[in-house]
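A.B. asks: Mind having a look at this structure? Questions to follow.
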There are 2 protein chains.
Amino acid sequence: MRAAVFRDADLVAADIPEPKANDGQVLVKTLACGICGSDLHAFHHAPQMVDMSKRVGSNFVMDLTRDIVFGHEFVAEVLEHGPNTEKKHKAGTRVCSMPVAFSSSGAFTLGYSNDLPGGFAERMVLSEMLLLEVPNGLSTEQAALTEPMAVGWHAVQKANITPEDVPLVIGCGPVGLAVIAGLKLKGVHPIIAADFSPARRKLAETMGADIVIDPATVSPYKTWTDEATPEGYDAKSLVALLGLGPKMRPGVFFECVGVPGVIQKMMEGAPRQARIIIVGVCMEKDTIEPFFGITKELNVQYVLGYTPEEFAQTLHHLGEGLIDGSALVTGKVGVADVKQAFTELGNPEKHAKILVEPWH
Amino acid sequence: MRAAVFRDADLVAADIPEPKANDGQVLVKTLACGICGSDLHAFHHAPQMVDMSKRVGSNFVMDLTRDIVFGHEFVAEVLEHGPNTEKKHKAGTRVCSMPVAFSSSGAFTLGYSNDLPGGFAERMVLSEMLLLEVPNGLSTEQAALTEPMAVGWHAVQKANITPEDVPLVIGCGPVGLAVIAGLKLKGVHPIIAADFSPARRKLAETMGADIVIDPATVSPYKTWTDEATPEGYDAKSLVALLGLGPKMRPGVFFECVGVPGVIQKMMEGAPRQARIIIVGVCMEKDTIEPFFGITKELNVQYVLGYTPEEFAQTLHHLGEGLIDGSALVTGKVGVADVKQAFTELGNPEKHAKILVEPWH
């Protein structure tokens, strides 16, 4: 079958062996699979990622001498059931799954495994027990957003956000946009979002941000440090919304950039007692000045992934139209063009999420 | 009056003007005042401290061209009441106070103020509204521990510690010892504490640590990462205490060292979902690898100081004998020997807390 293969530090379209559905597994046709920032990171910094995986004690360490098929944001169609399956979803059913598959020899992280292909391949094997049927006639395109949107939903859950809080999302790439969608679901307002890219700020508004800020013109933290107003926003209503002054509402700051320096900037900008939620995945060394955290008694919550429940809830949210992610999908490619798509994703004005359609 | 004065980057015994009790203030005789790690830091790195105070937006920035009398862990005796006081505490009453004083021109941080002397001076002025009478015949020596012990009590409160948690205290200087005392008050067991110094480990036991670890011989984090046993501790009972294995109890890790590198070590050592409480005050740049926090979904809570309630509770705890800090006081000096004491505090085998007795 055809797949975009990570091989010898390159991404190539190649023929690879068909996967076989073993005990408890289902063979599926990949309908669509989003390209994630982590895929870009793995492509550009694979040895560093392997090193970090070892250092954090992960059971899942890529062997870079062998092929890997990336892709963990997939929606697929059931083809065949392997042995010892309940056959709950008949052939033709569209399904999502958390990007994990179990076998008698252990678990595999789909998308970063040497043993099972990820979603940039025509076919995959999934664990039947993790399959979730795409509900309610939801489009394949939107169903493919379940995984990235679940990341945002999880981050909002871990933030223990309450209607009292005022959230600020730093970075409006797919991670930040997913957080905004999660915040909107929680009914917290105003949702403030900041990104240097005009296109990303527009997407932030589409996903539910009430106030968008260009950090090049005004500090997103100014809202808390004084009563300055983001450009174009009415001062009085902003002050009223935030309850600034003696009754200033607590700030919850989502780091959705994942590059060194951002955490320190947030610690400098955050008001006393703020919570900072680290959603962006930074694999490099970073420099902080703890004294900023200390004098403000900041709380920093690092988050990763989602629970199975949050994943299922997110598919439900998409199915019910509670999240509309259609604006996020800015491109579709076949396996031959995955490498080109990885490059194009570097331009935030043009792209947010590109879906790979391996059957294409 | 005599005082140990921070002047021209040196600590000198000198005569300085008597302070005068203004509106709402009380003139007191300083009976004893502990030397804090922050005093040592201010002595050795005053320009850096001024710079950091400015950068974090503090209202209290030392002017290094003028005299400063350090000392914020004091117990004192009421001498005279200023105007507009209620005279609740008659002359001769021993009192503690949070190291803040109010005047018509604002608030002063006693111990780091250019305008009012701290506790390394024979006399001070305090705000009557903050005075707490030393209860129950508590010794002056122990009453002087109210401030540092309140720091530990506050840290434990901010950690939201529950009996389910297993606390690990990294660093058993006065801050770590205060945290241990706070944990003991909370009834959380086992309290695990780690320090390279044998004397500090002994003090940790005295203050309530159930298990003390020499990090030179065994990693304090090993308890969580595998079922290895701190040297000299019975494996089975430790495993039982910690509920290791599938039912491993949550780890709450207190950073009580305050030097660069420790936070990263703790992020590397901590188990998944652990909370790290930053109590040590690090004023330097520090390097972390956020990926450790991310993959483990760590929570990092920075803390500082205490609330007025926590300060009062701590004096009560000391008064009721719920905390016995007598082992911490390892020396007493007059103002002439403060500089020498600052040097001697560098030896953890010899000293934990030295009290200045300015009347001596």
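Chain labels follow the order of the structure tokens: the first chain is A, the next B, and so on; residue numbering restarts at 1 in every chain, and ligands are counted from 1 in their shown order.
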Would you kindly report the residues of chain B within 9 Å of chain A, using only C-alpha atoms, as a PDB file with C-alpha atoms, in the first residue's frame?

C.D. replies:
ATOM      1  CA  MET B  52      14.679  41.790  40.321  1.00  0.00           C
ATOM      2  CA  ARG B  55      11.478  43.856  37.232  1.00  0.00           C
ATOM      3  CA  VAL B  56       8.730  42.072  39.151  1.00  0.00           C
ATOM      4  CA  SER B  58       7.549  45.481  43.501  1.00  0.00           C
ATOM      5  CA  GLY B 258      16.350  27.957  45.859  1.00  0.00           C
ATOM      6  CA  PRO B 260      19.307  26.989  39.772  1.00  0.00           C
ATOM      7  CA  GLU B 268      13.045  14.792  36.031  1.00  0.00           C
ATOM      8  CA  ILE B 278       8.564  26.048  44.898  1.00  0.00           C
ATOM      9  CA  VAL B 279       9.328  27.460  48.341  1.00  0.00           C
ATOM     10  CA  GLY B 280      13.045  28.189  47.955  1.00  0.00           C
ATOM     11  CA  VAL B 281      13.672  31.649  46.581  1.00  0.00           C
ATOM     12  CA  CYS B 282      15.866  31.549  43.483  1.00  0.00           C
ATOM     13  CA  MET B 283      16.650  34.986  42.065  1.00  0.00           C
ATOM     14  CA  GLU B 284      18.825  33.748  39.238  1.00  0.00           C
ATOM     15  CA  LYS B 285      17.986  32.503  35.768  1.00  0.00           C
ATOM     16  CA  ASP B 286      17.213  28.811  35.713  1.00  0.00           C
ATOM     17  CA  THR B 287      17.088  26.214  32.951  1.00  0.00           C
ATOM     18  CA  ILE B 288      14.240  23.746  32.641  1.00  0.00           C
ATOM     19  CA  GLU B 289      13.167  21.242  30.034  1.00  0.00           C
ATOM     20  CA  PRO B 290       9.403  21.735  29.757  1.00  0.00           C
ATOM     21  CA  PHE B 291       8.993  18.355  28.058  1.00  0.00           C
ATOM     22  CA  PHE B 292       9.470  16.625  31.413  1.00  0.00           C
ATOM     23  CA  GLY B 293       6.617  18.665  32.828  1.00  0.00           C
ATOM     24  CA  ILE B 294       4.475  18.018  29.772  1.00  0.00           C
ATOM     25  CA  THR B 295       4.885  14.245  29.558  1.00  0.00           C
ATOM     26  CA  LYS B 296       4.154  13.905  33.270  1.00  0.00           C
ATOM     27  CA  GLU B 297       1.494  16.621  33.464  1.00  0.00           C
ATOM     28  CA  LEU B 298       3.283  18.124  36.446  1.00  0.00           C
ATOM     29  CA  ASN B 299       1.847  21.005  38.415  1.00  0.00           C
ATOM     30  CA  VAL B 300       4.281  23.633  39.678  1.00  0.00           C
ATOM     31  CA  GLN B 301       3.010  25.941  42.413  1.00  0.00           C
ATOM     32  CA  TYR B 302       5.245  28.857  43.335  1.00  0.00           C
ATOM     33  CA  VAL B 303       4.652  30.218  46.823  1.00  0.00           C
ATOM     34  CA  LEU B 304       5.780  33.223  48.835  1.00  0.00           C
ATOM     35  CA  GLY B 305       5.296  34.433  52.359  1.00  0.00           C
TER      36      GLY B 305
END

A.B. asks: Could you find all residues in range 1-190 of chain B that DSSP calls alpha helix (DSSP H) from the backbone, and write them as a PDB file with N, CA and C atoms, in the first residue's frame?

C.D. replies:
ATOM      1  N   GLY B  37      17.825  33.354  55.068  1.00  0.00           N
ATOM      2  CA  GLY B  37      18.561  33.164  53.821  1.00  0.00           C
ATOM      3  C   GLY B  37      18.415  34.356  52.887  1.00  0.00           C
ATOM      4  N   SER B  38      17.257  35.007  52.938  1.00  0.00           N
ATOM      5  CA  SER B  38      17.053  36.192  52.094  1.00  0.00           C
ATOM      6  C   SER B  38      17.973  37.334  52.518  1.00  0.00           C
ATOM      7  N   ASP B  39      18.284  37.402  53.810  1.00  0.00           N
ATOM      8  CA  ASP B  39      19.225  38.425  54.278  1.00  0.00           C
ATOM      9  C   ASP B  39      20.609  38.162  53.689  1.00  0.00           C
ATOM     10  N   LEU B  40      21.001  36.888  53.705  1.00  0.00           N
ATOM     11  CA  LEU B  40      22.292  36.528  53.122  1.00  0.00           C
ATOM     12  C   LEU B  40      22.308  36.881  51.640  1.00  0.00           C
ATOM     13  N   HIS B  41      21.197  36.593  50.978  1.00  0.00           N
ATOM     14  CA  HIS B  41      21.118  36.890  49.556  1.00  0.00           C
ATOM     15  C   HIS B  41      21.215  38.396  49.322  1.00  0.00           C
ATOM     16  N   ALA B  42      20.500  39.153  50.148  1.00  0.00           N
ATOM     17  CA  ALA B  42      20.525  40.612  49.997  1.00  0.00           C
ATOM     18  C   ALA B  42      21.934  41.152  50.237  1.00  0.00           C
ATOM     19  N   PHE B  43      22.634  40.565  51.189  1.00  0.00           N
ATOM     20  CA  PHE B  43      23.990  41.003  51.499  1.00  0.00           C
ATOM     21  C   PHE B  43      24.928  40.715  50.317  1.00  0.00           C
ATOM     22  N   HIS B  44      24.823  39.518  49.767  1.00  0.00           N
ATOM     23  CA  HIS B  44      25.776  39.109  48.730  1.00  0.00           C
ATOM     24  C   HIS B  44      25.374  39.555  47.325  1.00  0.00           C
ATOM     25  N   ALA B  46      22.923  42.266  46.514  1.00  0.00           N
ATOM     26  CA  ALA B  46      21.969  43.373  46.652  1.00  0.00           C
ATOM     27  C   ALA B  46      21.588  44.007  45.314  1.00  0.00           C
ATOM     28  N   PRO B  47      22.554  44.308  44.431  1.00  0.00           N
ATOM     29  CA  PRO B  47      22.149  44.958  43.164  1.00  0.00           C
ATOM     30  C   PRO B  47      21.220  44.070  42.337  1.00  0.00           C
ATOM     31  N   GLN B  48      21.501  42.762  42.339  1.00  0.00           N
ATOM     32  CA  GLN B  48      20.637  41.829  41.616  1.00  0.00           C
ATOM     33  C   GLN B  48      19.228  41.817  42.222  1.00  0.00           C
ATOM     34  N   MET B  49      19.170  41.866  43.557  1.00  0.00           N
ATOM     35  CA  MET B  49      17.883  41.850  44.251  1.00  0.00           C
ATOM     36  C   MET B  49      17.089  43.112  43.921  1.00  0.00           C
ATOM     37  N   VAL B  50      17.784  44.254  43.877  1.00  0.00           N
ATOM     38  CA  VAL B  50      17.125  45.508  43.512  1.00  0.00           C
ATOM     39  C   VAL B  50      16.590  45.414  42.092  1.00  0.00           C
ATOM     40  N   ASP B  51      17.425  44.885  41.207  1.00  0.00           N
ATOM     41  CA  ASP B  51      17.028  44.738  39.810  1.00  0.00           C
ATOM     42  C   ASP B  51      15.792  43.845  39.688  1.00  0.00           C
ATOM     43  N   MET B  52      15.815  42.706  40.391  1.00  0.00           N
ATOM     44  CA  MET B  52      14.679  41.790  40.321  1.00  0.00           C
ATOM     45  C   MET B  52      13.430  42.432  40.921  1.00  0.00           C
ATOM     46  N   SER B  53      13.600  43.159  42.031  1.00  0.00           N
ATOM     47  CA  SER B  53      12.444  43.818  42.646  1.00  0.00           C
ATOM     48  C   SER B  53      11.794  44.782  41.668  1.00  0.00           C
ATOM     49  N   LYS B  54      12.651  45.511  40.937  1.00  0.00           N
ATOM     50  CA  LYS B  54      12.095  46.439  39.939  1.00  0.00           C
ATOM     51  C   LYS B  54      11.384  45.666  38.847  1.00  0.00           C
ATOM     52  N   ARG B  55      12.034  44.585  38.379  1.00  0.00           N
ATOM     53  CA  ARG B  55      11.478  43.856  37.232  1.00  0.00           C
ATOM     54  C   ARG B  55      10.155  43.170  37.566  1.00  0.00           C
ATOM     55  N   THR B 140      11.147  33.593  74.059  1.00  0.00           N
ATOM     56  CA  THR B 140      11.465  34.590  73.031  1.00  0.00           C
ATOM     57  C   THR B 140      12.140  33.928  71.833  1.00  0.00           C
ATOM     58  N   GLU B 141      13.033  33.011  72.137  1.00  0.00           N
ATOM     59  CA  GLU B 141      13.759  32.271  71.105  1.00  0.00           C
ATOM     60  C   GLU B 141      12.790  31.588  70.121  1.00  0.00           C
ATOM     61  N   GLN B 142      11.798  30.914  70.676  1.00  0.00           N
ATOM     62  CA  GLN B 142      10.846  30.201  69.818  1.00  0.00           C
ATOM     63  C   GLN B 142       9.899  31.176  69.118  1.00  0.00           C
ATOM     64  N   ALA B 143       9.529  32.239  69.821  1.00  0.00           N
ATOM     65  CA  ALA B 143       8.627  33.217  69.200  1.00  0.00           C
ATOM     66  C   ALA B 143       9.282  33.842  67.972  1.00  0.00           C
ATOM     67  N   THR B 146       8.457  32.462  64.495  1.00  0.00           N
ATOM     68  CA  THR B 146       7.121  32.586  63.911  1.00  0.00           C
ATOM     69  C   THR B 146       7.184  32.861  62.416  1.00  0.00           C
ATOM     70  N   GLU B 147       8.001  33.848  62.051  1.00  0.00           N
ATOM     71  CA  GLU B 147       8.037  34.231  60.634  1.00  0.00           C
ATOM     72  C   GLU B 147       8.537  33.088  59.750  1.00  0.00           C
ATOM     73  N   PRO B 148       9.706  32.502  60.009  1.00  0.00           N
ATOM     74  CA  PRO B 148      10.138  31.419  59.108  1.00  0.00           C
ATOM     75  C   PRO B 148       9.211  30.204  59.138  1.00  0.00           C
ATOM     76  N   MET B 149       8.639  29.906  60.286  1.00  0.00           N
ATOM     77  CA  MET B 149       7.723  28.762  60.356  1.00  0.00           C
ATOM     78  C   MET B 149       6.417  29.050  59.593  1.00  0.00           C
ATOM     79  N   ALA B 150       6.027  30.313  59.559  1.00  0.00           N
ATOM     80  CA  ALA B 150       4.820  30.671  58.809  1.00  0.00           C
ATOM     81  C   ALA B 150       5.019  30.422  57.308  1.00  0.00           C
ATOM     82  N   VAL B 151       6.261  30.584  56.843  1.00  0.00           N
ATOM     83  CA  VAL B 151       6.576  30.322  55.431  1.00  0.00           C
ATOM     84  C   VAL B 151       6.284  28.855  55.088  1.00  0.00           C
ATOM     85  N   GLY B 152       6.694  27.958  55.980  1.00  0.00           N
ATOM     86  CA  GLY B 152       6.444  26.537  55.751  1.00  0.00           C
ATOM     87  C   GLY B 152       4.969  26.188  55.827  1.00  0.00           C
ATOM     88  N   TRP B 153       4.286  26.786  56.795  1.00  0.00           N
ATOM     89  CA  TRP B 153       2.847  26.538  56.968  1.00  0.00           C
ATOM     90  C   TRP B 153       2.079  27.007  55.732  1.00  0.00           C
ATOM     91  N   HIS B 154       2.447  28.176  55.231  1.00  0.00           N
ATOM     92  CA  HIS B 154       1.808  28.701  54.021  1.00  0.00           C
ATOM     93  C   HIS B 154       2.055  27.769  52.833  1.00  0.00           C
ATOM     94  N   ALA B 155       3.287  27.293  52.692  1.00  0.00           N
ATOM     95  CA  ALA B 155       3.609  26.415  51.557  1.00  0.00           C
ATOM     96  C   ALA B 155       2.749  25.154  51.592  1.00  0.00           C
ATOM     97  N   VAL B 156       2.571  24.616  52.794  1.00  0.00           N
ATOM     98  CA  VAL B 156       1.769  23.395  52.939  1.00  0.00           C
ATOM     99  C   VAL B 156       0.299  23.697  52.638  1.00  0.00           C
ATOM    100  N   GLN B 157      -0.165  24.877  53.040  1.00  0.00           N
ATOM    101  CA  GLN B 157      -1.550  25.266  52.732  1.00  0.00           C
ATOM    102  C   GLN B 157      -1.744  25.396  51.216  1.00  0.00           C
ATOM    103  N   LYS B 158      -0.790  26.083  50.567  1.00  0.00           N
ATOM    104  CA  LYS B 158      -0.906  26.293  49.125  1.00  0.00           C
ATOM    105  C   LYS B 158      -0.797  24.978  48.356  1.00  0.00           C
ATOM    106  N   PRO B 174      16.384  26.079  56.921  1.00  0.00           N
ATOM    107  CA  PRO B 174      15.229  26.590  57.677  1.00  0.00           C
ATOM    108  C   PRO B 174      13.915  26.522  56.902  1.00  0.00           C
ATOM    109  N   VAL B 175      13.944  26.775  55.598  1.00  0.00           N
ATOM    110  CA  VAL B 175      12.706  26.718  54.816  1.00  0.00           C
ATOM    111  C   VAL B 175      12.172  25.283  54.772  1.00  0.00           C
ATOM    112  N   GLY B 176      13.045  24.333  54.441  1.00  0.00           N
ATOM    113  CA  GLY B 176      12.612  22.939  54.383  1.00  0.00           C
ATOM    114  C   GLY B 176      12.147  22.439  55.740  1.00  0.00           C
ATOM    115  N   LEU B 177      12.836  22.840  56.787  1.00  0.00           N
ATOM    116  CA  LEU B 177      12.456  22.413  58.141  1.00  0.00           C
ATOM    117  C   LEU B 177      11.085  22.982  58.519  1.00  0.00           C
ATOM    118  N   ALA B 178      10.830  24.207  58.086  1.00  0.00           N
ATOM    119  CA  ALA B 178       9.509  24.804  58.354  1.00  0.00           C
ATOM    120  C   ALA B 178       8.421  24.060  57.590  1.00  0.00           C
ATOM    121  N   VAL B 179       8.734  23.634  56.378  1.00  0.00           N
ATOM    122  CA  VAL B 179       7.760  22.854  55.602  1.00  0.00           C
ATOM    123  C   VAL B 179       7.492  21.523  56.297  1.00  0.00           C
ATOM    124  N   ILE B 180       8.557  20.889  56.775  1.00  0.00           N
ATOM    125  CA  ILE B 180       8.390  19.614  57.498  1.00  0.00           C
ATOM    126  C   ILE B 180       7.485  19.814  58.712  1.00  0.00           C
ATOM    127  N   ALA B 181       7.719  20.897  59.447  1.00  0.00           N
ATOM    128  CA  ALA B 181       6.874  21.188  60.613  1.00  0.00           C
ATOM    129  C   ALA B 181       5.416  21.370  60.190  1.00  0.00           C
ATOM    130  N   GLY B 182       5.214  22.051  59.069  1.00  0.00           N
ATOM    131  CA  GLY B 182       3.858  22.267  58.570  1.00  0.00           C
ATOM    132  C   GLY B 182       3.187  20.963  58.153  1.00  0.00           C
ATOM    133  N   LEU B 183       3.964  20.093  57.511  1.00  0.00           N
ATOM    134  CA  LEU B 183       3.427  18.798  57.085  1.00  0.00           C
ATOM    135  C   LEU B 183       3.047  17.950  58.287  1.00  0.00           C
ATOM    136  N   LYS B 184       3.893  18.007  59.308  1.00  0.00           N
ATOM    137  CA  LYS B 184       3.606  17.239  60.523  1.00  0.00           C
ATOM    138  C   LYS B 184       2.294  17.725  61.152  1.00  0.00           C
ATOM    139  N   LEU B 185       2.112  19.033  61.181  1.00  0.00           N
ATOM    140  CA  LEU B 185       0.871  19.591  61.717  1.00  0.00           C
ATOM    141  C   LEU B 185      -0.343  19.103  60.932  1.00  0.00           C
ATOM    142  N   LYS B 186      -0.147  18.919  59.629  1.00  0.00           N
ATOM    143  CA  LYS B 186      -1.242  18.454  58.770  1.00  0.00           C
ATOM    144  C   LYS B 186      -1.508  16.967  58.943  1.00  0.00           C
TER     145      LYS B 186
END

A.B. asks: If we count only C-alpha atoms, what is near range 59-65 of chain A at a cut-off of 7 Å, once residues fewer than 6 positions away on the same chain are taken out, given as a ChimeraX atom specification?

C.D. replies: /A:8,50,53,109,112-114

A.B. asks: Using DSSP assignments from the backbone, pull out every residue in range 46-255 of chain B that falls under strand (DSSP E) and give it to me as an MDAnalysis selection string.

C.D. replies: chainID B and resid 73:81 94:96 100:103 106:109 123:127 132:133 166:170 192:194 211:213 251:255

A.B. asks: Based on the selection just made, write N, CA and C atoms of those residues as a short mmCIF file (atom, residue, chain, number, x, y, z; two decimals), in the first residue's frame.

C.D. replies:
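The resulting file, result.cif, is reproduced below:
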data_model
loop_
_atom_site.label_atom_id
_atom_site.label_comp_id
_atom_site.auth_asym_id
_atom_site.auth_seq_id
_atom_site.Cartn_x
_atom_site.Cartn_y
_atom_site.Cartn_z
N GLU B 73 12.57 38.62 61.06
CA GLU B 73 12.04 37.49 61.85
C GLU B 73 12.21 37.85 63.33
N PHE B 74 11.41 38.79 63.79
CA PHE B 74 11.71 39.37 65.09
C PHE B 74 10.63 39.11 66.13
N VAL B 75 11.06 39.18 67.39
CA VAL B 75 10.13 39.26 68.51
C VAL B 75 10.61 40.46 69.34
N ALA B 76 9.68 41.20 69.88
CA ALA B 76 10.04 42.49 70.49
C ALA B 76 9.21 42.75 71.73
N GLU B 77 9.58 43.78 72.45
CA GLU B 77 8.88 44.15 73.68
C GLU B 77 8.36 45.57 73.52
N VAL B 78 7.10 45.76 73.86
CA VAL B 78 6.50 47.09 73.69
C VAL B 78 7.14 48.09 74.64
N LEU B 79 7.57 49.25 74.08
CA LEU B 79 8.14 50.32 74.90
C LEU B 79 7.16 51.49 75.03
N GLU B 80 6.78 52.07 73.91
CA GLU B 80 5.94 53.27 73.94
C GLU B 80 4.95 53.26 72.78
N HIS B 81 3.79 53.81 73.03
CA HIS B 81 2.78 53.91 71.98
C HIS B 81 2.83 55.27 71.32
N ARG B 94 5.51 41.18 75.29
CA ARG B 94 6.30 40.66 74.16
C ARG B 94 5.36 40.44 72.97
N VAL B 95 5.80 40.89 71.81
CA VAL B 95 4.94 40.82 70.62
C VAL B 95 5.72 40.34 69.39
N CYS B 96 4.96 39.73 68.48
CA CYS B 96 5.45 39.44 67.13
C CYS B 96 4.63 40.27 66.15
N VAL B 100 5.89 44.13 58.27
CA VAL B 100 5.35 45.23 57.47
C VAL B 100 4.92 46.31 58.45
N ALA B 101 5.14 47.56 58.10
CA ALA B 101 4.64 48.65 58.94
C ALA B 101 3.97 49.68 58.04
N PHE B 102 2.87 50.20 58.53
CA PHE B 102 2.12 51.17 57.76
C PHE B 102 2.34 52.57 58.32
N SER B 103 2.30 53.53 57.43
CA SER B 103 2.32 54.92 57.88
C SER B 103 1.46 55.70 56.91
N GLY B 106 2.46 55.29 53.38
CA GLY B 106 2.44 53.99 52.70
C GLY B 106 2.89 52.86 53.60
N ALA B 107 3.32 51.77 52.98
CA ALA B 107 3.74 50.59 53.72
C ALA B 107 5.25 50.40 53.57
N PHE B 108 5.86 49.82 54.58
CA PHE B 108 7.29 49.54 54.55
C PHE B 108 7.50 48.06 54.81
N THR B 109 8.42 47.46 54.07
CA THR B 109 8.78 46.07 54.34
C THR B 109 9.94 46.09 55.32
N ARG B 123 16.01 49.01 68.53
CA ARG B 123 14.59 49.36 68.59
C ARG B 123 13.99 49.46 67.19
N MET B 124 12.70 49.23 67.12
CA MET B 124 11.98 49.29 65.85
C MET B 124 10.65 50.00 66.11
N VAL B 125 9.98 50.43 65.05
CA VAL B 125 8.57 50.79 65.20
C VAL B 125 7.74 49.80 64.39
N LEU B 126 6.65 49.37 65.02
CA LEU B 126 5.74 48.41 64.40
C LEU B 126 4.35 49.01 64.33
N SER B 127 3.53 48.48 63.45
CA SER B 127 2.13 48.92 63.37
C SER B 127 1.33 48.21 64.44
N LEU B 132 0.92 40.89 67.61
CA LEU B 132 0.37 39.68 68.21
C LEU B 132 1.15 39.41 69.49
N GLU B 133 0.42 39.27 70.58
CA GLU B 133 1.11 39.02 71.84
C GLU B 133 1.69 37.60 71.84
N VAL B 166 1.93 11.89 49.46
CA VAL B 166 3.21 11.62 50.11
C VAL B 166 4.14 12.79 49.80
N PRO B 167 4.51 13.57 50.83
CA PRO B 167 5.36 14.73 50.58
C PRO B 167 6.85 14.37 50.61
N LEU B 168 7.58 15.04 49.74
CA LEU B 168 9.05 14.93 49.72
C LEU B 168 9.60 16.34 49.79
N VAL B 169 10.44 16.59 50.78
CA VAL B 169 11.02 17.92 50.98
C VAL B 169 12.48 17.88 50.52
N ILE B 170 12.79 18.67 49.50
CA ILE B 170 14.15 18.72 48.96
C ILE B 170 14.85 19.93 49.57
N ILE B 192 8.95 12.58 53.73
CA ILE B 192 10.29 12.22 53.25
C ILE B 192 11.07 13.51 53.06
N ALA B 193 12.32 13.52 53.50
CA ALA B 193 13.13 14.74 53.39
C ALA B 193 14.53 14.37 52.94
N ALA B 194 15.12 15.23 52.12
CA ALA B 194 16.45 14.95 51.57
C ALA B 194 17.35 16.15 51.73
N ILE B 211 11.21 9.83 57.05
CA ILE B 211 12.28 9.19 56.29
C ILE B 211 13.22 10.29 55.83
N VAL B 212 14.50 10.16 56.13
CA VAL B 212 15.46 11.15 55.62
C VAL B 212 16.41 10.46 54.65
N ILE B 213 16.75 11.19 53.61
CA ILE B 213 17.53 10.62 52.52
C ILE B 213 18.74 11.49 52.26
N GLY B 251 2.61 12.18 44.71
CA GLY B 251 3.78 12.85 45.28
C GLY B 251 3.61 14.35 45.29
N VAL B 252 3.97 14.97 46.40
CA VAL B 252 4.00 16.43 46.49
C VAL B 252 5.42 16.81 46.90
N PHE B 253 6.10 17.51 46.01
CA PHE B 253 7.53 17.72 46.13
C PHE B 253 7.80 19.18 46.45
N PHE B 254 8.44 19.42 47.59
CA PHE B 254 8.71 20.80 48.01
C PHE B 254 10.15 21.17 47.68
N GLU B 255 10.32 22.19 46.85
CA GLU B 255 11.64 22.70 46.51
C GLU B 255 12.02 23.73 47.57
#

A.B. asks: Distance CA of Thr343 in chain B-CA of Ala13 in chain B, one decimal place?

C.D. replies: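 Value for the CA of Thr343 in chain B-CA of Ala13 in chain B distance: 15.5 Å.
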
A.B. asks: What does the distance between CA of Thr330 in chain A and CA of His45 in chain A come to in Å, to one decimal place?

C.D. replies: 24.7 Å

A.B. asks: How many Å separate CA of Lys350 in chain A from CA of Ile68 in chain A?

C.D. replies: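 Distance between the two atoms: 27.6 Å.
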
A.B. asks: Give me the residues near Val5 in chain A as a ChimeraX atom specification, where near means some atom within 12 Å (using only C-alpha atoms) and where sequence neighbours in that chain fewer than 2 positions away do not count.

C.D. replies: /A:1-3,7-17,39,43,64,66-71,111-114,116-122,335-339,358
